[in-house]
Amino acid sequence: MTTTPTRTRTRYVEVILIVFGVYSVILGLFMFIAPGTFFDTLGSFGTRNDHYIFDNASFELPLGLMMLAAVRWPSWRVTALAFASVHWGLHALSHIIDPHHAAGESIGWLEAAGLVATTVFLAIALRASNGGDER
C-alpha cells in the first residue's frame, strides 16, 4: 500500500492537532486544578499569582479543545492551526526576550528553543492544511 502526498499531509496535520490539542487541554486543566503545583514545576517565573495562572488556563484549555475539534471538523483546521502558531510563536518570543527561569537561564534558553521548534511544527501543519486538501 502506498501513501499519497495528500494523505501524508492530512495525517501530519491530524497528529499535530491531536498532540498539541491534548497537551493544551492537560496544561489548562493542570493550571485550573493545581495552580500551586503548576507554578512550582512549570511556571516558576516571578511571584506566584493564582489569578494569572487561572487566566492562562482559561486560554490554554479552549485552545486545546479547538485543536481537538479541528480533527473532527476539517474546516476548523486552518483557523485552529493559525491561532496556535501565533500563540506558540509569541510564547517563544516571550522566552527569548526574558529567558530568566527559576532553575537557571540555561533552562530558560532551552525552553525558548523548544518553543521555537514546536512553533515550526505548527506552522508546517498550517501550511499543509492551507493547501486546499483539508477543507
# chains A, B, ... in the order shown; residues from 1 in each chain; ligands from 1
>>> residues_around(residues="stretch 84-94 of chain A", least_positions_apart="6", cutoff="10 Å", atoms="only C-alpha atoms", output="PyMOL selection string")
chain A and resi 17+20-21+24+60+63-64+66-67+78+109+111-126
>>> write_last_selection(atoms="C-alpha atoms", output="compact mmCIF listing (two decimals), in the first residue's frame")
# COMPACT_ATOMS: atom_id res chain seq x y z
CA LEU A 17 -3.72 18.76 16.13
CA PHE A 20 -0.89 19.89 20.69
CA GLY A 21 -4.61 19.72 21.49
CA SER A 24 -3.05 22.25 25.80
CA GLU A 60 -4.93 27.20 27.08
CA LEU A 63 -7.17 26.34 22.55
CA GLY A 64 -6.64 22.62 23.11
CA MET A 66 -10.44 23.87 19.48
CA MET A 67 -7.47 21.92 18.10
CA VAL A 78 -6.60 26.44 9.22
CA TRP A 109 17.04 29.26 26.76
CA GLU A 111 12.57 26.32 26.83
CA ALA A 112 12.83 29.11 24.24
CA ALA A 113 14.47 26.73 21.75
CA GLY A 114 11.77 24.13 22.36
CA LEU A 115 9.04 26.71 21.82
CA VAL A 116 10.63 27.86 18.56
CA ALA A 117 10.89 24.24 17.35
CA THR A 118 7.28 23.46 18.24
CA THR A 119 6.13 26.67 16.54
CA VAL A 120 7.81 25.37 13.38
CA PHE A 121 5.87 22.07 13.66
CA LEU A 122 2.62 24.02 13.96
CA ALA A 123 3.50 26.31 11.05
CA ILE A 124 4.27 23.31 8.85
CA ALA A 125 0.89 21.80 9.75
CA LEU A 126 -0.77 25.15 8.98
>>> select_by_dssp(residues="stretch 58-105 of chain A", states="helix (DSSP H, G or I)", output="PyMOL selection string")
chain A and resi 58-72+74-97+105
>>> write_last_selection(atoms="C-alpha atoms", output="PDB file, in the first residue's frame")
ATOM      1  CA  SER A  58      -8.810  29.868  30.558  1.00  0.00           C
ATOM      2  CA  PHE A  59      -6.890  30.465  27.335  1.00  0.00           C
ATOM      3  CA  GLU A  60      -4.932  27.201  27.085  1.00  0.00           C
ATOM      4  CA  LEU A  61      -7.869  24.849  27.705  1.00  0.00           C
ATOM      5  CA  PRO A  62     -10.143  26.227  24.941  1.00  0.00           C
ATOM      6  CA  LEU A  63      -7.172  26.338  22.546  1.00  0.00           C
ATOM      7  CA  GLY A  64      -6.643  22.620  23.107  1.00  0.00           C
ATOM      8  CA  LEU A  65     -10.339  21.878  22.720  1.00  0.00           C
ATOM      9  CA  MET A  66     -10.441  23.866  19.477  1.00  0.00           C
ATOM     10  CA  MET A  67      -7.473  21.916  18.100  1.00  0.00           C
ATOM     11  CA  LEU A  68      -9.100  18.604  19.016  1.00  0.00           C
ATOM     12  CA  ALA A  69     -12.383  19.741  17.450  1.00  0.00           C
ATOM     13  CA  ALA A  70     -10.465  20.548  14.250  1.00  0.00           C
ATOM     14  CA  VAL A  71      -9.583  16.855  13.954  1.00  0.00           C
ATOM     15  CA  ARG A  72     -13.300  16.136  13.647  1.00  0.00           C
ATOM     16  CA  PRO A  74     -11.549  19.842   8.940  1.00  0.00           C
ATOM     17  CA  SER A  75     -12.965  23.287   8.117  1.00  0.00           C
ATOM     18  CA  TRP A  76     -11.605  24.422  11.523  1.00  0.00           C
ATOM     19  CA  ARG A  77      -8.025  23.315  10.828  1.00  0.00           C
ATOM     20  CA  VAL A  78      -6.604  26.441   9.215  1.00  0.00           C
ATOM     21  CA  THR A  79      -8.089  28.693  11.894  1.00  0.00           C
ATOM     22  CA  ALA A  80      -7.027  26.454  14.786  1.00  0.00           C
ATOM     23  CA  LEU A  81      -3.504  25.996  13.456  1.00  0.00           C
ATOM     24  CA  ALA A  82      -3.093  29.690  12.610  1.00  0.00           C
ATOM     25  CA  PHE A  83      -4.201  30.664  16.110  1.00  0.00           C
ATOM     26  CA  ALA A  84      -1.984  28.032  17.739  1.00  0.00           C
ATOM     27  CA  SER A  85       1.014  29.020  15.587  1.00  0.00           C
ATOM     28  CA  VAL A  86       0.673  32.663  16.610  1.00  0.00           C
ATOM     29  CA  HIS A  87       0.213  31.672  20.262  1.00  0.00           C
ATOM     30  CA  TRP A  88       3.293  29.430  20.299  1.00  0.00           C
ATOM     31  CA  GLY A  89       5.320  31.952  18.298  1.00  0.00           C
ATOM     32  CA  LEU A  90       4.524  34.747  20.737  1.00  0.00           C
ATOM     33  CA  HIS A  91       5.223  32.417  23.657  1.00  0.00           C
ATOM     34  CA  ALA A  92       8.620  31.622  22.084  1.00  0.00           C
ATOM     35  CA  LEU A  93       9.312  35.344  21.647  1.00  0.00           C
ATOM     36  CA  SER A  94       8.438  35.921  25.301  1.00  0.00           C
ATOM     37  CA  HIS A  95      11.005  33.324  26.361  1.00  0.00           C
ATOM     38  CA  ILE A  96      13.629  34.791  24.024  1.00  0.00           C
ATOM     39  CA  ILE A  97      13.077  38.285  25.437  1.00  0.00           C
ATOM     40  CA  GLU A 105      18.985  30.914  32.496  1.00  0.00           C
TER      41      GLU A 105
END
>>> closest_residue(among="A:Thr37, A:Phe32, A:Val22, A:Asn130", to="A:His51", atoms="only C-alpha atoms")
A:Phe32
>>> residues_around(residues="A:Phe39", least_positions_apart="3", cutoff="12 Å", atoms="only C-alpha atoms", output="JSON list (two decimals) with N, CA, C and O atoms, in the first residue's frame")
[["chain", "number", "residue", "atom", "x", "y", "z"],
["A", 27, "LEU", "N", -2.52, 20.85, 30.03],
["A", 27, "LEU", "CA", -1.89, 22.01, 30.67],
["A", 27, "LEU", "C", -2.94, 22.93, 31.29],
["A", 27, "LEU", "O", -2.79, 23.38, 32.43],
["A", 30, "PHE", "N", -4.34, 21.31, 34.36],
["A", 30, "PHE", "CA", -3.32, 21.33, 35.40],
["A", 30, "PHE", "C", -3.30, 22.70, 36.08],
["A", 30, "PHE", "O", -3.26, 22.79, 37.31],
["A", 31, "MET", "N", -3.37, 23.77, 35.30],
["A", 31, "MET", "CA", -3.36, 25.11, 35.87],
["A", 31, "MET", "C", -4.60, 25.38, 36.71],
["A", 31, "MET", "O", -4.52, 26.00, 37.77],
["A", 32, "PHE", "N", -5.76, 24.92, 36.24],
["A", 32, "PHE", "CA", -7.01, 25.12, 36.99],
["A", 32, "PHE", "C", -7.04, 24.31, 38.28],
["A", 32, "PHE", "O", -7.44, 24.80, 39.33],
["A", 33, "ILE", "N", -6.64, 23.04, 38.19],
["A", 33, "ILE", "CA", -6.77, 22.12, 39.31],
["A", 33, "ILE", "C", -5.68, 22.31, 40.36],
["A", 33, "ILE", "O", -5.95, 22.22, 41.56],
["A", 34, "ALA", "N", -4.45, 22.58, 39.91],
["A", 34, "ALA", "CA", -3.33, 22.66, 40.86],
["A", 34, "ALA", "C", -2.42, 23.83, 40.52],
["A", 34, "ALA", "O", -1.27, 23.65, 40.10],
["A", 35, "PRO", "N", -2.89, 25.07, 40.71],
["A", 35, "PRO", "CA", -2.07, 26.22, 40.34],
["A", 35, "PRO", "C", -0.74, 26.29, 41.10],
["A", 35, "PRO", "O", 0.27, 26.71, 40.53],
["A", 36, "GLY", "N", -0.74, 25.87, 42.35],
["A", 36, "GLY", "CA", 0.50, 25.89, 43.13],
["A", 36, "GLY", "C", 1.53, 24.92, 42.57],
["A", 36, "GLY", "O", 2.71, 25.25, 42.42],
["A", 42, "LEU", "N", 6.34, 24.19, 36.54],
["A", 42, "LEU", "CA", 6.47, 24.70, 35.17],
["A", 42, "LEU", "C", 6.47, 26.22, 35.07],
["A", 42, "LEU", "O", 7.08, 26.77, 34.17],
["A", 43, "GLY", "N", 5.76, 26.88, 35.95],
["A", 43, "GLY", "CA", 5.55, 28.31, 35.80],
["A", 43, "GLY", "C", 6.26, 29.15, 36.82],
["A", 43, "GLY", "O", 5.74, 30.17, 37.26],
["A", 44, "SER", "N", 7.43, 28.76, 37.19],
["A", 44, "SER", "CA", 8.15, 29.43, 38.26],
["A", 44, "SER", "C", 8.85, 30.70, 37.76],
["A", 44, "SER", "O", 10.07, 30.78, 37.71],
["A", 45, "PHE", "N", 8.05, 31.67, 37.36],
["A", 45, "PHE", "CA", 8.56, 32.97, 36.93],
["A", 45, "PHE", "C", 7.98, 34.02, 37.86],
["A", 45, "PHE", "O", 6.76, 34.14, 37.99],
["A", 46, "GLY", "N", 8.83, 34.77, 38.51],
["A", 46, "GLY", "CA", 8.35, 35.84, 39.39],
["A", 46, "GLY", "C", 7.62, 35.31, 40.61],
["A", 46, "GLY", "O", 7.88, 34.21, 41.10],
["A", 47, "THR", "N", 6.68, 36.11, 41.08],
["A", 47, "THR", "CA", 5.89, 35.77, 42.25],
["A", 47, "THR", "C", 4.64, 35.01, 41.82],
["A", 47, "THR", "O", 4.00, 35.36, 40.84],
["A", 48, "ARG", "N", 4.29, 33.98, 42.58],
["A", 48, "ARG", "CA", 3.10, 33.19, 42.25],
["A", 48, "ARG", "C", 1.86, 34.06, 42.33],
["A", 48, "ARG", "O", 1.67, 34.83, 43.27],
["A", 49, "ASN", "N", 1.00, 33.92, 41.30],
["A", 49, "ASN", "CA", -0.25, 34.66, 41.26],
["A", 49, "ASN", "C", -1.30, 33.72, 40.66],
["A", 49, "ASN", "O", -1.34, 33.52, 39.44],
["A", 50, "ASP", "N", -2.13, 33.14, 41.51],
["A", 50, "ASP", "CA", -3.13, 32.17, 41.05],
["A", 50, "ASP", "C", -4.10, 32.78, 40.05],
["A", 50, "ASP", "O", -4.54, 32.10, 39.12],
["A", 51, "HIS", "N", -4.43, 34.05, 40.20],
["A", 51, "HIS", "CA", -5.35, 34.68, 39.25],
["A", 51, "HIS", "C", -4.78, 34.63, 37.83],
["A", 51, "HIS", "O", -5.49, 34.27, 36.89],
["A", 52, "TYR", "N", -3.52, 34.97, 37.67],
["A", 52, "TYR", "CA", -2.90, 34.93, 36.34],
["A", 52, "TYR", "C", -2.76, 33.50, 35.83],
["A", 52, "TYR", "O", -2.88, 33.26, 34.63],
["A", 53, "ILE", "N", -2.52, 32.57, 36.72],
["A", 53, "ILE", "CA", -2.45, 31.17, 36.31],
["A", 53, "ILE", "C", -3.82, 30.73, 35.79],
["A", 53, "ILE", "O", -3.93, 30.09, 34.74],
["A", 54, "PHE", "N", -4.90, 31.10, 36.49],
["A", 54, "PHE", "CA", -6.25, 30.77, 36.03],
["A", 54, "PHE", "C", -6.56, 31.47, 34.69],
["A", 54, "PHE", "O", -7.20, 30.90, 33.81],
["A", 56, "ASN", "N", -4.44, 32.21, 32.35],
["A", 56, "ASN", "CA", -3.74, 31.45, 31.31],
["A", 56, "ASN", "C", -4.43, 30.12, 31.04],
["A", 56, "ASN", "O", -4.51, 29.68, 29.90],
["A", 101, "HIS", "N", 14.81, 31.94, 34.18],
["A", 101, "HIS", "CA", 13.98, 30.88, 34.75],
["A", 101, "HIS", "C", 14.48, 30.60, 36.15],
["A", 101, "HIS", "O", 15.67, 30.74, 36.43],
["A", 102, "ALA", "N", 13.60, 30.19, 37.04],
["A", 102, "ALA", "CA", 13.98, 29.91, 38.42],
["A", 102, "ALA", "C", 15.05, 28.83, 38.50],
["A", 102, "ALA", "O", 15.88, 28.84, 39.40]]
>>> atom_distance(atom1="atom CA of A:Ala128", atom2="atom CA of A:Leu29")
29.3 Å
>>> atom_distance(atom1="atom CA of A:Val19", atom2="atom CA of A:His100")
27.3 Å
